[in-house]
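Heads up: the structure comes next, in structure tokens.
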Amino acid sequence: MKKSFILFLILVVSNSFAQSINDYSAVIVPLKYDFLKEENQYRLNTLTKYNFINAGFVAFYAEETLPAEYNDRCSVLRANVEKENGFLVTKLYITLRDCNDKVVFKSAVGRSKEKEFKLAYADALNEAFKSIYDLQYKYSGVTVKTQEAVVQQTVIAPAVDKAIPAEVTKSAVILNDVNMLYAQATATGFQLIDSTPKVVMKLMKTSQPNSFIAIRDAIQGSLILKENQWFFEYYKNDQLVSERVNVKF
């Protein structure tokens, strides 16, 4: 009886914890980790973002311009990869923090005995990400409410509203006609395929039915419906690029 109660308690705590992760809409990945000397050294930050997207998260780099629906800092988590000391073993773990710098999640420690740094870091990080995949993350749509969120809304939001039109006005808009793409439903949104069929773009749902997080090759941006036309928009060399996309849903 006692063992059953303890097991029940563990399940309740685990479900509550997973639910808290599901309340966050995206993850921000830094461009550099403290234990490395350079930005994206060994492409570890790229691997981090890739794993988060594969685990069902919407992920951005810290320097990216976020879509409007992610402007609330308290609705997203900040990811970090940290290193533990180890003799002849590389040890890495992942943390997710909220807008108040509180650790919401800490992964198991990933280990690797590879001698080459690039292989060792990649192996250890991928092993640590098993904890992230086990969460089976799925955004709940619940708004995370904290004191920081209230402050940002009342103080910072007006400045953002003024800045966004200025960026768009100065940016060069490029329109490219492409062949018709066909939308296939996925667990998180859609994938767009051509007539080959080849997956050209992956779409992830947002809170707005006419706006998707879009990933094409290594480019992440937004697919937006404007005046009955779909546009893939992203930043390149600090310029806003807007490409018209023919999509059949």
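Identifiers for the structure tokens are assigned positionally: chains receive A, B, ... in sequence, residues are indexed from 1 per chain, and ligands are indexed from 1 in the order shown.
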
Which residues of stretch 36-114 of chain A come within 10 Å of stretch 187-201 of chain A, and for each one, what is the closest pair of atoms and their distance in Å to one decimal, counting only C-alpha atoms, sorted by chain and residue number, as JSON lines?
```
{"residue": "A:Gly56", "atom": "CA", "partner": "A:Thr188", "partner_atom": "CA", "distance": 7.1}
{"residue": "A:Phe57", "atom": "CA", "partner": "A:Thr188", "partner_atom": "CA", "distance": 9.1}
{"residue": "A:Val58", "atom": "CA", "partner": "A:Thr188", "partner_atom": "CA", "distance": 9.7}
```

| request: Skip A:Tyr42 itself and residues of its chain fewer than 5 positions away, then list as JSON, numbers by chain all residues within 9 Å of it, counting only C-alpha atoms. | output: {"A": [117, 118, 119, 121, 122]}

| request: Would you kindly return, as a list in words, each protein, DNA or RNA residue with an atom no farther than 10 Å from any atom of A:Lys226, considering only C-alpha atoms and excluding same-chain residues fewer than 6 positions away? | output: Asn210, Ser211 and Arg244 of chain A

For N, CA and C atoms, I'd like the residues from the last selection saved as a PDB file, in the first residue's frame.
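Below is the file that was written, out.pdb:
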```
ATOM      1  N   ASN A 210      -3.502  32.306 -39.288  1.00  0.00           N
ATOM      2  CA  ASN A 210      -2.908  32.735 -40.555  1.00  0.00           C
ATOM      3  C   ASN A 210      -1.414  33.011 -40.442  1.00  0.00           C
ATOM      4  N   SER A 211      -0.781  32.434 -39.421  1.00  0.00           N
ATOM      5  CA  SER A 211       0.653  32.636 -39.218  1.00  0.00           C
ATOM      6  C   SER A 211       1.275  31.352 -38.687  1.00  0.00           C
ATOM      7  N   ARG A 244       6.899  35.208 -51.838  1.00  0.00           N
ATOM      8  CA  ARG A 244       5.550  34.696 -52.037  1.00  0.00           C
ATOM      9  C   ARG A 244       5.606  33.192 -52.284  1.00  0.00           C
TER      10      ARG A 244
END
```

| task | Name the residues in contact with stretch 88-100 of chain A at a cut-off of 10 Å, using only C-alpha atoms, excluding same-chain residues fewer than 4 positions from it; report them as a PyMOL selection string. | result | chain A and resi 21+24+27-29+48+72-84+104-115+117+120-129+131-132+144+146-149

Just-selected residues, N, CA and C atoms written as a compact mmCIF listing (two decimals), in the first residue's frame:
```
# COMPACT_ATOMS: atom_id res chain seq x y z
N ILE A 21 6.14 22.65 -18.33
CA ILE A 21 6.95 22.80 -19.54
C ILE A 21 6.04 23.08 -20.74
N TYR A 24 4.93 26.71 -21.93
CA TYR A 24 5.84 27.65 -22.59
C TYR A 24 5.82 27.42 -24.09
N VAL A 27 11.51 28.07 -27.14
CA VAL A 27 12.80 28.00 -26.43
C VAL A 27 13.80 28.90 -27.15
N ILE A 28 14.55 29.66 -26.37
CA ILE A 28 15.60 30.53 -26.91
C ILE A 28 16.95 29.86 -26.68
N VAL A 29 17.71 29.69 -27.75
CA VAL A 29 19.02 29.03 -27.67
C VAL A 29 20.11 30.09 -27.81
N THR A 48 21.88 21.99 -30.69
CA THR A 48 20.90 22.21 -29.62
C THR A 48 19.55 22.62 -30.20
N ASP A 72 6.51 38.21 -25.55
CA ASP A 72 6.43 38.13 -24.09
C ASP A 72 7.54 37.21 -23.59
N ARG A 73 8.54 37.78 -22.93
CA ARG A 73 9.70 37.00 -22.47
C ARG A 73 9.31 35.86 -21.54
N CYS A 74 8.21 36.05 -20.84
CA CYS A 74 7.82 35.04 -19.86
C CYS A 74 7.01 33.90 -20.47
N SER A 75 6.75 33.97 -21.76
CA SER A 75 6.06 32.86 -22.42
C SER A 75 7.05 31.89 -23.06
N VAL A 76 8.34 32.22 -23.00
CA VAL A 76 9.37 31.36 -23.59
C VAL A 76 10.40 30.97 -22.54
N LEU A 77 11.11 29.90 -22.82
CA LEU A 77 12.17 29.42 -21.93
C LEU A 77 13.53 29.72 -22.55
N ARG A 78 14.52 29.92 -21.70
CA ARG A 78 15.89 30.14 -22.16
C ARG A 78 16.69 28.87 -21.88
N ALA A 79 17.24 28.31 -22.95
CA ALA A 79 18.00 27.07 -22.83
C ALA A 79 19.48 27.37 -22.59
N ASN A 80 20.13 26.45 -21.93
CA ASN A 80 21.58 26.54 -21.77
C ASN A 80 22.15 25.13 -21.66
N VAL A 81 23.36 24.97 -22.13
CA VAL A 81 24.07 23.70 -21.98
C VAL A 81 25.25 23.95 -21.06
N GLU A 82 25.39 23.14 -20.04
CA GLU A 82 26.45 23.32 -19.06
C GLU A 82 27.30 22.06 -18.97
N LYS A 83 28.54 22.26 -18.57
CA LYS A 83 29.51 21.17 -18.54
C LYS A 83 29.89 20.82 -17.11
N GLU A 84 29.94 19.52 -16.82
CA GLU A 84 30.43 19.04 -15.53
C GLU A 84 31.86 18.55 -15.70
N VAL A 104 13.46 25.67 -14.64
CA VAL A 104 12.20 24.95 -14.80
C VAL A 104 12.45 23.48 -15.09
N PHE A 105 13.59 23.21 -15.75
CA PHE A 105 13.92 21.82 -16.08
C PHE A 105 15.43 21.66 -16.17
N LYS A 106 15.91 20.52 -15.67
CA LYS A 106 17.32 20.16 -15.80
C LYS A 106 17.38 18.73 -16.29
N SER A 107 18.12 18.51 -17.36
CA SER A 107 18.17 17.17 -17.97
C SER A 107 19.12 16.26 -17.20
N ALA A 108 19.07 14.99 -17.55
CA ALA A 108 20.08 14.06 -17.07
C ALA A 108 21.42 14.42 -17.71
N VAL A 109 22.50 13.99 -17.11
CA VAL A 109 23.83 14.30 -17.63
C VAL A 109 24.16 13.35 -18.78
N GLY A 110 24.50 13.94 -19.93
CA GLY A 110 24.94 13.13 -21.06
C GLY A 110 26.44 12.93 -21.00
N ARG A 111 26.90 11.73 -21.30
CA ARG A 111 28.32 11.39 -21.18
C ARG A 111 28.88 10.86 -22.49
N SER A 112 30.16 11.14 -22.71
CA SER A 112 30.85 10.60 -23.88
C SER A 112 32.32 10.38 -23.53
N LYS A 113 32.87 9.28 -24.04
CA LYS A 113 34.29 8.97 -23.84
C LYS A 113 35.11 9.22 -25.11
N GLU A 114 34.48 9.85 -26.10
CA GLU A 114 35.21 10.20 -27.32
C GLU A 114 36.35 11.16 -26.98
N LYS A 115 37.47 11.01 -27.66
CA LYS A 115 38.64 11.85 -27.38
C LYS A 115 38.58 13.17 -28.14
N PHE A 117 37.06 16.52 -29.35
CA PHE A 117 36.08 17.41 -28.72
C PHE A 117 34.77 17.47 -29.49
N ALA A 120 32.86 14.31 -28.96
CA ALA A 120 32.51 14.13 -27.55
C ALA A 120 31.36 15.04 -27.14
N TYR A 121 31.44 16.31 -27.53
CA TYR A 121 30.38 17.25 -27.17
C TYR A 121 29.05 16.87 -27.84
N ALA A 122 29.12 16.46 -29.10
CA ALA A 122 27.90 16.08 -29.82
C ALA A 122 27.26 14.85 -29.19
N ASP A 123 28.07 13.85 -28.87
CA ASP A 123 27.54 12.62 -28.25
C ASP A 123 26.92 12.91 -26.89
N ALA A 124 27.63 13.69 -26.08
CA ALA A 124 27.14 13.99 -24.73
C ALA A 124 25.85 14.81 -24.79
N LEU A 125 25.80 15.77 -25.72
CA LEU A 125 24.60 16.60 -25.84
C LEU A 125 23.40 15.77 -26.31
N ASN A 126 23.62 14.92 -27.30
CA ASN A 126 22.52 14.08 -27.79
C ASN A 126 22.00 13.15 -26.70
N GLU A 127 22.90 12.66 -25.86
CA GLU A 127 22.46 11.79 -24.77
C GLU A 127 21.66 12.58 -23.74
N ALA A 128 22.11 13.81 -23.45
CA ALA A 128 21.38 14.66 -22.51
C ALA A 128 19.98 14.99 -23.03
N PHE A 129 19.86 15.11 -24.35
CA PHE A 129 18.57 15.46 -24.95
C PHE A 129 17.54 14.34 -24.83
N SER A 131 16.42 13.21 -22.21
CA SER A 131 15.51 13.69 -21.16
C SER A 131 14.48 14.64 -21.73
N ILE A 132 14.90 15.46 -22.70
CA ILE A 132 13.98 16.41 -23.34
C ILE A 132 12.95 15.66 -24.18
N VAL A 144 1.54 31.79 -19.70
CA VAL A 144 2.28 31.80 -18.43
C VAL A 144 2.23 33.21 -17.86
N THR A 146 3.42 35.78 -14.98
CA THR A 146 4.36 36.06 -13.90
C THR A 146 4.47 37.57 -13.75
N GLN A 147 5.13 37.98 -12.68
CA GLN A 147 5.32 39.41 -12.44
C GLN A 147 6.11 40.05 -13.56
N GLU A 148 7.11 39.33 -14.07
CA GLU A 148 7.94 39.86 -15.14
C GLU A 148 7.11 40.11 -16.39
N ALA A 149 6.16 39.22 -16.67
CA ALA A 149 5.32 39.38 -17.85
C ALA A 149 4.50 40.65 -17.76
```
